[in-house]
>>> print(open('query-v2.txt').read())   # compact mmCIF, C-alpha atoms
# COMPACT_ATOMS: atom_id res chain seq x y z
CA MET A 1 41.85 -5.70 7.00
CA THR A 2 42.20 -2.75 9.35
CA TYR A 3 40.15 -2.84 12.53
CA ILE A 4 39.37 0.27 14.52
CA ARG A 5 38.85 0.06 18.28
CA LYS A 6 35.27 0.82 19.26
CA PRO A 7 35.03 4.09 21.23
CA ASP A 8 33.50 4.33 24.69
CA TRP A 9 30.34 6.04 23.46
CA LEU A 10 29.34 2.86 21.58
CA LYS A 11 29.62 0.50 24.54
CA ARG A 12 26.37 -0.76 26.04
CA ASN A 13 25.46 -2.16 29.45
CA LEU A 14 24.23 -5.65 28.57
CA ARG A 15 22.68 -6.24 31.99
CA VAL A 16 19.45 -4.58 30.87
CA ALA A 17 18.73 -7.77 28.88
CA ALA A 18 17.81 -9.50 32.14
CA GLY A 19 14.26 -8.10 31.88
CA ALA A 20 13.65 -9.34 28.35
CA GLY A 21 11.83 -12.55 29.38
CA PRO A 22 8.22 -11.43 28.77
CA VAL A 23 8.95 -10.24 25.23
CA ASN A 24 10.87 -13.41 24.41
CA GLY A 25 7.92 -15.41 25.75
CA VAL A 26 5.41 -13.71 23.46
CA LEU A 27 7.71 -14.10 20.45
CA ALA A 28 8.14 -17.80 21.15
CA LYS A 29 4.41 -18.31 21.74
CA TYR A 30 3.52 -17.02 18.28
CA SER A 31 6.71 -18.14 16.48
CA LEU A 32 7.59 -14.59 15.51
CA ASN A 33 10.87 -13.10 14.32
CA THR A 34 12.33 -9.71 15.14
CA VAL A 35 14.88 -7.61 13.33
CA CYS A 36 16.32 -7.01 16.81
CA ASN A 37 17.50 -10.63 16.89
CA GLU A 38 18.21 -11.27 13.22
CA ALA A 39 20.17 -8.07 12.58
CA GLY A 40 22.01 -8.11 15.92
CA CYS A 41 20.78 -4.69 17.02
CA PRO A 42 22.89 -3.20 19.84
CA ASN A 43 19.71 -1.83 21.48
CA LYS A 44 17.90 -5.17 21.68
CA GLY A 45 18.37 -5.68 25.42
CA GLU A 46 17.10 -2.22 26.26
CA CYS A 47 14.09 -2.43 23.96
CA PHE A 48 13.08 -5.93 25.07
CA THR A 49 13.38 -4.81 28.69
CA ARG A 50 11.06 -1.89 27.91
CA GLY A 51 8.58 -4.42 26.51
CA THR A 52 8.90 -3.56 22.83
CA ALA A 53 10.37 -5.12 19.69
CA THR A 54 10.41 -4.60 15.93
CA PHE A 55 8.67 -7.50 14.21
CA LEU A 56 10.30 -9.08 11.15
CA ILE A 57 7.77 -10.68 8.82
CA MET A 58 8.06 -13.11 5.88
CA GLY A 59 10.80 -15.25 7.38
CA LYS A 60 14.43 -14.82 8.40
CA ASN A 61 16.07 -15.14 4.99
CA CYS A 62 16.65 -12.21 2.64
CA THR A 63 16.97 -12.32 -1.14
CA ARG A 64 19.34 -9.33 -1.22
CA ASN A 65 23.10 -9.34 -0.58
CA CYS A 66 23.70 -6.06 1.26
CA ARG A 67 27.21 -6.13 2.73
CA PHE A 68 26.34 -4.24 5.91
CA CYS A 69 23.49 -6.44 7.12
CA LYS A 70 23.60 -9.48 9.43
CA VAL A 71 20.23 -10.86 8.29
CA ALA A 72 20.72 -14.24 6.61
CA LYS A 73 21.12 -14.40 2.83
CA ALA A 74 19.55 -17.74 1.96
CA ALA A 75 16.66 -19.41 0.19
CA PRO A 76 13.45 -17.61 1.22
CA GLU A 77 10.91 -19.36 3.42
CA GLU A 78 7.26 -20.06 2.71
CA LEU A 79 4.93 -17.31 3.87
CA ASN A 80 2.99 -18.19 7.01
CA PRO A 81 -0.66 -17.16 6.42
CA GLU A 82 -1.17 -17.02 10.19
CA GLU A 83 1.65 -14.54 10.72
CA PRO A 84 -0.38 -11.31 10.29
CA LEU A 85 -2.90 -12.39 12.94
CA ASN A 86 -0.14 -13.67 15.21
CA ILE A 87 1.60 -10.29 14.98
CA ALA A 88 -1.65 -8.60 16.01
CA ARG A 89 -2.05 -10.99 18.94
CA ALA A 90 1.50 -10.27 20.07
CA VAL A 91 0.92 -6.52 19.81
CA ARG A 92 -2.13 -6.93 22.04
CA GLU A 93 -0.37 -9.11 24.60
CA MET A 94 2.62 -6.77 24.77
CA ASN A 95 0.26 -3.80 25.34
CA LEU A 96 2.01 -1.80 22.64
CA ARG A 97 0.78 1.68 21.78
CA HIS A 98 2.98 1.97 18.69
CA THR A 99 4.28 -0.98 16.69
CA VAL A 100 6.93 -1.25 14.01
CA ILE A 101 6.72 -3.96 11.34
CA THR A 102 9.56 -4.66 8.93
CA SER A 103 10.56 -7.56 6.69
CA VAL A 104 13.31 -9.26 4.83
CA THR A 105 13.38 -8.36 1.14
CA ARG A 106 11.40 -10.91 -0.85
CA ASP A 107 12.26 -10.38 -4.50
CA ASP A 108 11.00 -13.92 -5.13
CA LEU A 109 7.37 -12.94 -4.51
CA PRO A 110 5.30 -11.38 -7.32
CA ASP A 111 4.34 -8.40 -5.12
CA GLY A 112 7.50 -8.41 -3.01
CA GLY A 113 5.37 -9.23 0.03
CA ALA A 114 3.24 -6.07 -0.15
CA GLY A 115 0.04 -8.07 0.37
CA HIS A 116 1.49 -9.66 3.50
CA PHE A 117 2.30 -6.19 4.86
CA ALA A 118 -1.25 -5.05 4.10
CA SER A 119 -2.73 -8.11 5.84
CA THR A 120 -0.60 -7.47 8.91
CA ILE A 121 -1.76 -3.85 9.08
CA PHE A 122 -5.38 -4.99 8.70
CA GLU A 123 -5.11 -7.56 11.51
CA ILE A 124 -3.52 -5.06 13.90
CA ARG A 125 -6.18 -2.46 13.10
CA HIS A 126 -8.90 -5.06 13.71
CA LEU A 127 -7.54 -6.43 16.98
CA CYS A 128 -5.83 -3.29 18.36
CA PRO A 129 -7.64 -0.27 16.89
CA ASP A 130 -5.87 2.26 19.12
CA VAL A 131 -2.35 1.14 18.21
CA THR A 132 -0.40 3.28 15.76
CA ILE A 133 1.44 1.39 13.04
CA GLU A 134 4.79 2.05 11.41
CA VAL A 135 6.00 -0.14 8.56
CA LEU A 136 9.58 -0.31 7.33
CA ILE A 137 9.28 -1.64 3.80
CA PRO A 138 11.62 -2.84 1.02
CA ASP A 139 11.57 -1.20 -2.40
CA PHE A 140 9.32 -3.85 -4.05
CA GLN A 141 11.68 -3.50 -7.04
CA GLY A 142 9.91 -0.27 -7.96
CA ASP A 143 6.49 -1.93 -8.38
CA TYR A 144 3.97 0.88 -7.88
CA VAL A 145 0.99 -1.48 -7.64
CA ALA A 146 2.69 -3.30 -4.76
CA LEU A 147 3.49 -0.04 -3.02
CA LYS A 148 -0.11 1.15 -3.38
CA ALA A 149 -1.30 -1.98 -1.53
CA VAL A 150 0.72 -0.92 1.51
CA VAL A 151 -0.17 2.76 1.28
CA ASP A 152 -3.89 1.97 0.92
CA ALA A 153 -3.75 -0.24 4.03
CA ASN A 154 -3.21 3.11 5.78
CA PRO A 155 -0.43 2.68 8.33
CA ASP A 156 0.55 5.82 10.23
CA ILE A 157 4.18 5.92 9.06
CA ILE A 158 5.82 4.38 6.01
CA ASN A 159 9.56 4.03 6.39
CA HIS A 160 12.00 3.04 3.68
CA ASN A 161 15.68 3.28 4.52
CA VAL A 162 18.18 4.51 1.97
CA GLU A 163 20.91 3.08 4.28
CA THR A 164 23.89 5.01 2.89
CA VAL A 165 24.90 7.78 0.50
CA PRO A 166 24.36 6.98 -3.21
CA GLY A 167 28.08 6.89 -4.00
CA LEU A 168 28.50 3.82 -1.78
CA TYR A 169 25.58 1.77 -3.14
CA ASN A 170 27.68 -0.41 -5.44
CA ALA A 171 29.98 -1.37 -2.57
CA VAL A 172 27.47 -1.57 0.28
CA ARG A 173 24.10 -2.58 -1.22
CA PRO A 174 24.70 -3.60 -4.85
CA MET A 175 21.17 -4.95 -5.48
CA ALA A 176 19.52 -1.67 -4.51
CA VAL A 177 19.03 1.52 -6.54
CA PHE A 178 19.16 4.88 -4.76
CA GLU A 179 16.87 6.64 -7.26
CA ARG A 180 14.29 3.85 -6.87
CA SER A 181 14.24 4.39 -3.10
CA LEU A 182 13.75 8.13 -3.54
CA GLU A 183 10.93 7.48 -5.99
CA LEU A 184 9.23 5.18 -3.47
CA LEU A 185 9.20 7.89 -0.81
CA ALA A 186 7.85 10.43 -3.30
CA ARG A 187 5.11 8.04 -4.47
CA VAL A 188 3.90 7.46 -0.92
CA LYS A 189 3.24 11.18 -0.57
CA GLU A 190 1.61 11.35 -3.99
CA ARG A 191 -0.74 8.50 -3.09
CA ASN A 192 -1.59 9.71 0.44
CA GLY A 193 -0.24 13.05 1.59
CA ASN A 194 -1.52 12.43 5.13
CA LEU A 195 0.96 9.63 5.79
CA PHE A 196 4.27 10.41 7.42
CA THR A 197 7.31 9.19 5.49
CA LYS A 198 10.54 8.22 7.13
CA SER A 199 14.00 7.13 6.07
CA GLY A 200 17.30 6.33 7.71
CA PHE A 201 20.94 5.81 6.92
CA MET A 202 24.24 4.84 8.50
CA VAL A 203 27.47 6.80 8.69
CA GLY A 204 31.02 5.60 9.16
CA LEU A 205 31.09 3.71 5.85
CA GLY A 206 33.45 6.13 4.14
CA GLU A 207 31.08 8.97 3.27
CA LYS A 208 32.06 12.65 3.57
CA GLU A 209 30.08 15.39 5.29
CA GLU A 210 29.11 16.88 1.93
CA ASP A 211 27.74 13.47 0.89
CA VAL A 212 25.50 13.39 3.97
CA ILE A 213 24.25 16.92 3.33
CA ALA A 214 23.45 16.04 -0.30
CA LEU A 215 21.60 12.92 0.86
CA LEU A 216 19.55 14.88 3.40
CA THR A 217 18.70 17.41 0.70
CA ALA A 218 17.54 14.67 -1.67
CA LEU A 219 15.33 13.11 1.02
CA ARG A 220 13.78 16.41 1.97
CA ASN A 221 13.11 17.21 -1.69
CA VAL A 222 10.79 14.17 -1.89
CA GLY A 223 8.91 15.26 1.23
CA CYS A 224 10.49 12.90 3.76
CA ASP A 225 9.24 13.90 7.22
CA ILE A 226 11.39 11.84 9.59
CA ILE A 227 15.07 10.97 9.40
CA THR A 228 17.25 8.66 11.48
CA ILE A 229 21.06 8.68 11.38
CA GLY A 230 23.19 6.09 13.19
CA GLN A 231 26.68 4.64 13.30
CA TYR A 232 27.41 1.60 11.14
CA LEU A 233 28.66 -1.35 13.20
CA GLN A 234 30.25 -4.29 11.43
CA PRO A 235 28.31 -7.48 12.28
CA SER A 236 31.25 -9.80 11.47
CA ARG A 237 34.60 -9.86 9.68
CA GLU A 238 32.82 -11.01 6.54
CA HIS A 239 30.79 -7.79 6.36
CA TYR A 240 31.73 -4.34 5.12
CA GLU A 241 34.41 -2.75 7.30
CA VAL A 242 33.83 0.27 9.49
CA VAL A 243 35.83 3.12 7.98
CA GLU A 244 35.29 5.57 10.83
CA TYR A 245 33.50 5.87 14.16
CA ILE A 246 31.70 9.20 13.94
CA HIS A 247 31.93 11.41 17.02
CA PRO A 248 28.65 12.31 18.79
CA GLY A 249 29.37 15.97 18.05
CA GLN A 250 29.18 15.26 14.32
CA PHE A 251 25.84 13.51 14.80
CA LYS A 252 24.61 16.65 16.55
CA LYS A 253 25.80 18.72 13.60
CA TYR A 254 23.89 16.50 11.18
CA GLU A 255 20.79 16.89 13.36
CA GLU A 256 21.08 20.68 13.26
CA ILE A 257 21.55 20.66 9.48
CA ALA A 258 18.49 18.45 9.05
CA GLN A 259 16.46 20.79 11.26
CA THR A 260 17.29 23.74 9.03
CA MET A 261 16.06 21.72 6.03
CA GLY A 262 12.62 21.27 7.56
CA PHE A 263 12.50 17.62 8.62
CA GLN A 264 9.72 17.27 11.18
CA TYR A 265 11.62 14.85 13.40
CA ILE A 266 15.29 13.87 13.50
CA ALA A 267 17.01 11.16 15.52
CA SER A 268 20.78 11.38 15.07
CA GLY A 269 23.29 9.59 17.27
CA PRO A 270 25.76 6.71 17.33
CA LEU A 271 23.26 4.11 18.58
CA VAL A 272 20.21 5.43 16.74
CA ARG A 273 18.43 2.80 14.69
CA SER A 274 15.37 3.07 12.50
CA SER A 275 12.87 1.85 15.08
CA TYR A 276 14.71 2.84 18.27
CA TYR A 277 12.22 4.84 20.39
CA ALA A 278 10.03 5.10 17.29
CA GLU A 279 6.97 5.78 19.44
CA ASP A 280 8.59 8.92 20.86
CA GLY A 281 9.09 10.25 17.35
CA PHE A 282 5.50 9.60 16.36
CA ASN A 283 4.17 11.20 19.55
CA TYR A 284 6.30 14.27 18.85
CA LEU A 285 4.78 14.54 15.38
CA LYS A 286 1.25 14.19 16.76
CA ARG A 287 1.84 17.02 19.24
CA ALA A 288 3.50 19.24 16.65
CA ASN A 289 0.73 18.75 14.09
CA ALA A 290 -1.99 19.25 16.70
CA THR A 291 -0.40 22.55 17.71
CA ALA A 292 -0.27 23.57 14.05
CA GLY A 293 -3.90 22.61 13.58
CA GLY A 294 -3.22 19.67 11.28
CA ASP A 295 -4.70 16.20 11.32
CA VAL A 296 -2.81 13.05 12.31
>>> encode(input="query-v2.txt", output="structure tokens")
Amino acid sequence: MTYIRKPDWLKRNLRVAAGAGPVNGVLAKYSLNTVCNEAGCPNKGECFTRGTATFLIMGKNCTRNCRFCKVAKAAPEELNPEEPLNIARAVREMNLRHTVITSVTRDDLPDGGAGHFASTIFEIRHLCPDVTIEVLIPDFQGDYVALKAVVDANPDIINHNVETVPGLYNAVRPMAVFERSLELLARVKERNGNLFTKSGFMVGLGEKEEDVIALLTALRNVGCDIITIGQYLQPSREHYEVVEYIHPGQFKKYEEIAQTMGFQYIASGPLVRSSYYAEDGFNYLKRANATAGGDV
């Protein structure tokens, strides 16, 4: 194995984690998981200190074997029927204005967990009617009925990450299908054109610039509104190796290319993650659509 020294622009000040106590308290009170903890997000300390977190529903164990991801690959856990309401209670206690809900992939469930997503959206809407909701969903193995259950629950943003360029799927996420992910994003728009769609991917896995441009083009062609681009960081020596640390200037270039393609909001930078400052992105979209005379 060849290991590349991490550049200065990827180093974080861990002292910000000192203010994370209140968020950790709420999570413990309601026995909730976060992708921040389970995936080892480098922004966890900052986000927890700001009083926000990305909730991870349906347990800690994933049924997929993606080689980039730190989330545990193990036997799935029983669904907790109280989890949707507990998420809503946590959202209320944390005084969130925008919340992001994601999950492990649950290929063992008949609907892939779509009903659990819908219940969580319903409970948040009932308890916190002014909170905007973003869901980051798995592909439900291409099940359109399952996807409709989430779309019809009417979150504000539906996110589904493609994670990497299609040419690396076999090596990086062998149980996923790029075309299936594109179809999911297209179907969301077909079902409800008022919903914002979002996707994200990592760089530094061995892709070329032309691969990234082709991926952006494919996402825009299915109406994707929001895109996030971040640096891949290897969680452990057992995971896929980092091929390259992409310079911030290249991230800026990708942002400018995406702007010319018509994406409504782009977050592109080494430490960008799917839900990092997600509220800022949604607020930007609200202002932009209000100025244009559209409805949000």
>>> atom_distance(input="query-v2.txt", atom1="atom CA of A:Ser103", atom2="atom CA of A:Asp156")
17.1 Å
>>> atom_distance(input="query-v2.txt", atom1="atom CA of A:Gly40", atom2="atom CA of A:Pro235")
7.3 Å
>>> atom_distance(input="query-v2.txt", atom1="atom CA of A:Ile158", atom2="atom CA of A:Ser199")
8.6 Å
>>> residues_around(input="query-v2.txt", residues="A:Gln141", least_positions_apart="2", cutoff="10 Å", atoms="only C-alpha atoms", output="number ranges by chain")
A: 105-107, 111-112, 138-139, 143-144, 146-147, 175-177, 180-181, 184
>>> residues_around(input="query-v2.txt", residues="A:Asn86", least_positions_apart="5", cutoff="12 Å", atoms="all atoms listed in the file", output="compact mmCIF listing (two decimals) with C-alpha atoms, in the coordinates of the input")
# COMPACT_ATOMS: atom_id res chain seq x y z
CA VAL A 26 5.41 -13.71 23.46
CA LEU A 27 7.71 -14.10 20.45
CA ALA A 28 8.14 -17.80 21.15
CA LYS A 29 4.41 -18.31 21.74
CA TYR A 30 3.52 -17.02 18.28
CA SER A 31 6.71 -18.14 16.48
CA LEU A 32 7.59 -14.59 15.51
CA ASN A 33 10.87 -13.10 14.32
CA PHE A 55 8.67 -7.50 14.21
CA ILE A 57 7.77 -10.68 8.82
CA ASN A 80 2.99 -18.19 7.01
CA PRO A 81 -0.66 -17.16 6.42
CA VAL A 91 0.92 -6.52 19.81
CA ARG A 92 -2.13 -6.93 22.04
CA GLU A 93 -0.37 -9.11 24.60
CA SER A 119 -2.73 -8.11 5.84
CA THR A 120 -0.60 -7.47 8.91
CA ILE A 121 -1.76 -3.85 9.08
CA GLU A 123 -5.11 -7.56 11.51
CA ILE A 124 -3.52 -5.06 13.90
CA LEU A 127 -7.54 -6.43 16.98
>>> residues_around(input="query-v2.txt", residues="A:Gly230", least_positions_apart="3", cutoff="6 Å", atoms="all atoms listed in the file", output="PyMOL selection string")
chain A and resi 202+269-273
>>> closest_residue(input="query-v2.txt", among="A:Pro7, A:Gly249, A:Pro22, A:Gly59", to="A:Ala90", atoms="all atoms listed in the file")
A:Pro22
>>> closest_residue(input="query-v2.txt", among="A:Gly142, A:Ala153, A:Lys148, A:Arg220", to="A:Phe122", atoms="all atoms listed in the file")
A:Ala153
>>> residues_around(input="query-v2.txt", residues="A:Pro174", least_positions_apart="6", cutoff="12 Å", atoms="only C-alpha atoms", output="short mmCIF file (atom, residue, chain, number, x, y, z; two decimals) with C-alpha atoms, in the coordinates of the input")
data_model
loop_
_atom_site.label_atom_id
_atom_site.label_comp_id
_atom_site.auth_asym_id
_atom_site.auth_seq_id
_atom_site.Cartn_x
_atom_site.Cartn_y
_atom_site.Cartn_z
CA ARG A 64 19.34 -9.33 -1.22
CA ASN A 65 23.10 -9.34 -0.58
CA CYS A 66 23.70 -6.06 1.26
CA ARG A 67 27.21 -6.13 2.73
CA PHE A 68 26.34 -4.24 5.91
CA GLU A 163 20.91 3.08 4.28
CA THR A 164 23.89 5.01 2.89
CA PRO A 166 24.36 6.98 -3.21
CA GLY A 167 28.08 6.89 -4.00
CA LEU A 168 28.50 3.82 -1.78
#
>>> closest_residue(input="query-v2.txt", among="A:Gly262, A:Gly281, A:Pro76, A:Pro42", to="A:Cys224", atoms="all atoms listed in the file")
A:Gly262
>>> residues_around(input="query-v2.txt", residues="A:Glu279", least_positions_apart="4", cutoff="8 Å", atoms="all atoms listed in the file", output="ChimeraX atom specification")
/A:97-99,283
>>> write_last_selection(input="query-v2.txt", atoms="C-alpha atoms", output="mmCIF file, in the frame of the given file")
data_model
loop_
_atom_site.group_PDB
_atom_site.id
_atom_site.type_symbol
_atom_site.label_atom_id
_atom_site.label_comp_id
_atom_site.auth_asym_id
_atom_site.auth_seq_id
_atom_site.Cartn_x
_atom_site.Cartn_y
_atom_site.Cartn_z
ATOM 1 C CA ARG A 97 0.780 1.680 21.780
ATOM 2 C CA HIS A 98 2.980 1.970 18.690
ATOM 3 C CA THR A 99 4.280 -0.980 16.690
ATOM 4 C CA ASN A 283 4.170 11.200 19.550
#
>>> build_atoms(input="query-v2.txt", residues="stretch 49-78 of chain A", atoms="N, CA and C atoms", output="short mmCIF file (atom, residue, chain, number, x, y, z; two decimals), in the coordinates of the input")
data_model
loop_
_atom_site.label_atom_id
_atom_site.label_comp_id
_atom_site.auth_asym_id
_atom_site.auth_seq_id
_atom_site.Cartn_x
_atom_site.Cartn_y
_atom_site.Cartn_z
N THR A 49 13.65 -5.09 27.28
CA THR A 49 13.38 -4.81 28.69
C THR A 49 12.25 -3.80 28.84
N ARG A 50 12.16 -2.87 27.88
CA ARG A 50 11.06 -1.89 27.91
C ARG A 50 9.75 -2.49 27.40
N GLY A 51 9.80 -3.75 26.95
CA GLY A 51 8.58 -4.42 26.51
C GLY A 51 8.22 -4.18 25.07
N THR A 52 9.19 -3.83 24.23
CA THR A 52 8.90 -3.56 22.83
C THR A 52 9.88 -4.29 21.93
N ALA A 53 9.52 -4.47 20.68
CA ALA A 53 10.37 -5.12 19.69
C ALA A 53 9.90 -4.72 18.31
N THR A 54 10.77 -4.87 17.32
CA THR A 54 10.41 -4.60 15.93
C THR A 54 10.23 -5.94 15.23
N PHE A 55 9.00 -6.22 14.80
CA PHE A 55 8.67 -7.50 14.21
C PHE A 55 9.23 -7.61 12.79
N LEU A 56 9.75 -8.80 12.47
CA LEU A 56 10.30 -9.08 11.15
C LEU A 56 9.42 -10.14 10.50
N ILE A 57 8.72 -9.76 9.45
CA ILE A 57 7.77 -10.68 8.82
C ILE A 57 8.37 -11.33 7.57
N MET A 58 7.72 -12.39 7.12
CA MET A 58 8.06 -13.11 5.88
C MET A 58 9.34 -13.92 5.99
N GLY A 59 9.66 -14.37 7.20
CA GLY A 59 10.80 -15.25 7.38
C GLY A 59 12.07 -14.55 7.82
N LYS A 60 13.14 -15.33 7.96
CA LYS A 60 14.43 -14.82 8.40
C LYS A 60 15.42 -14.62 7.26
N ASN A 61 15.11 -15.12 6.08
CA ASN A 61 16.07 -15.14 4.99
C ASN A 61 15.77 -14.07 3.94
N CYS A 62 16.80 -13.34 3.57
CA CYS A 62 16.65 -12.21 2.64
C CYS A 62 17.18 -12.58 1.27
N THR A 63 16.53 -12.05 0.23
CA THR A 63 16.97 -12.32 -1.14
C THR A 63 17.98 -11.29 -1.66
N ARG A 64 18.34 -10.32 -0.84
CA ARG A 64 19.34 -9.33 -1.22
C ARG A 64 20.70 -9.67 -0.58
N ASN A 65 21.75 -9.03 -1.06
CA ASN A 65 23.10 -9.34 -0.58
C ASN A 65 23.82 -8.12 -0.02
N CYS A 66 23.10 -7.27 0.69
CA CYS A 66 23.70 -6.06 1.26
C CYS A 66 24.87 -6.44 2.17
N ARG A 67 25.99 -5.76 2.03
CA ARG A 67 27.21 -6.13 2.73
C ARG A 67 27.28 -5.60 4.16
N PHE A 68 26.33 -4.79 4.55
CA PHE A 68 26.34 -4.24 5.91
C PHE A 68 25.46 -5.03 6.87
N CYS A 69 24.61 -5.90 6.35
CA CYS A 69 23.49 -6.44 7.12
C CYS A 69 23.75 -7.87 7.58
N LYS A 70 23.40 -8.16 8.84
CA LYS A 70 23.60 -9.48 9.43
C LYS A 70 22.48 -10.46 9.08
N VAL A 71 21.33 -9.98 8.62
CA VAL A 71 20.23 -10.86 8.29
C VAL A 71 20.68 -11.89 7.26
N ALA A 72 20.25 -13.14 7.44
CA ALA A 72 20.72 -14.24 6.61
C ALA A 72 20.38 -14.06 5.13
N LYS A 73 21.34 -14.37 4.27
CA LYS A 73 21.12 -14.40 2.83
C LYS A 73 21.00 -15.87 2.43
N ALA A 74 19.79 -16.32 2.23
CA ALA A 74 19.55 -17.74 1.96
C ALA A 74 18.24 -17.90 1.23
N ALA A 75 17.92 -19.14 0.89
CA ALA A 75 16.66 -19.41 0.19
C ALA A 75 15.49 -18.93 1.03
N PRO A 76 14.57 -18.15 0.45
CA PRO A 76 13.45 -17.61 1.22
C PRO A 76 12.52 -18.71 1.72
N GLU A 77 11.83 -18.41 2.80
CA GLU A 77 10.91 -19.36 3.42
C GLU A 77 9.49 -19.16 2.89
N GLU A 78 8.67 -20.18 3.06
CA GLU A 78 7.26 -20.06 2.71
C GLU A 78 6.58 -19.04 3.62
#
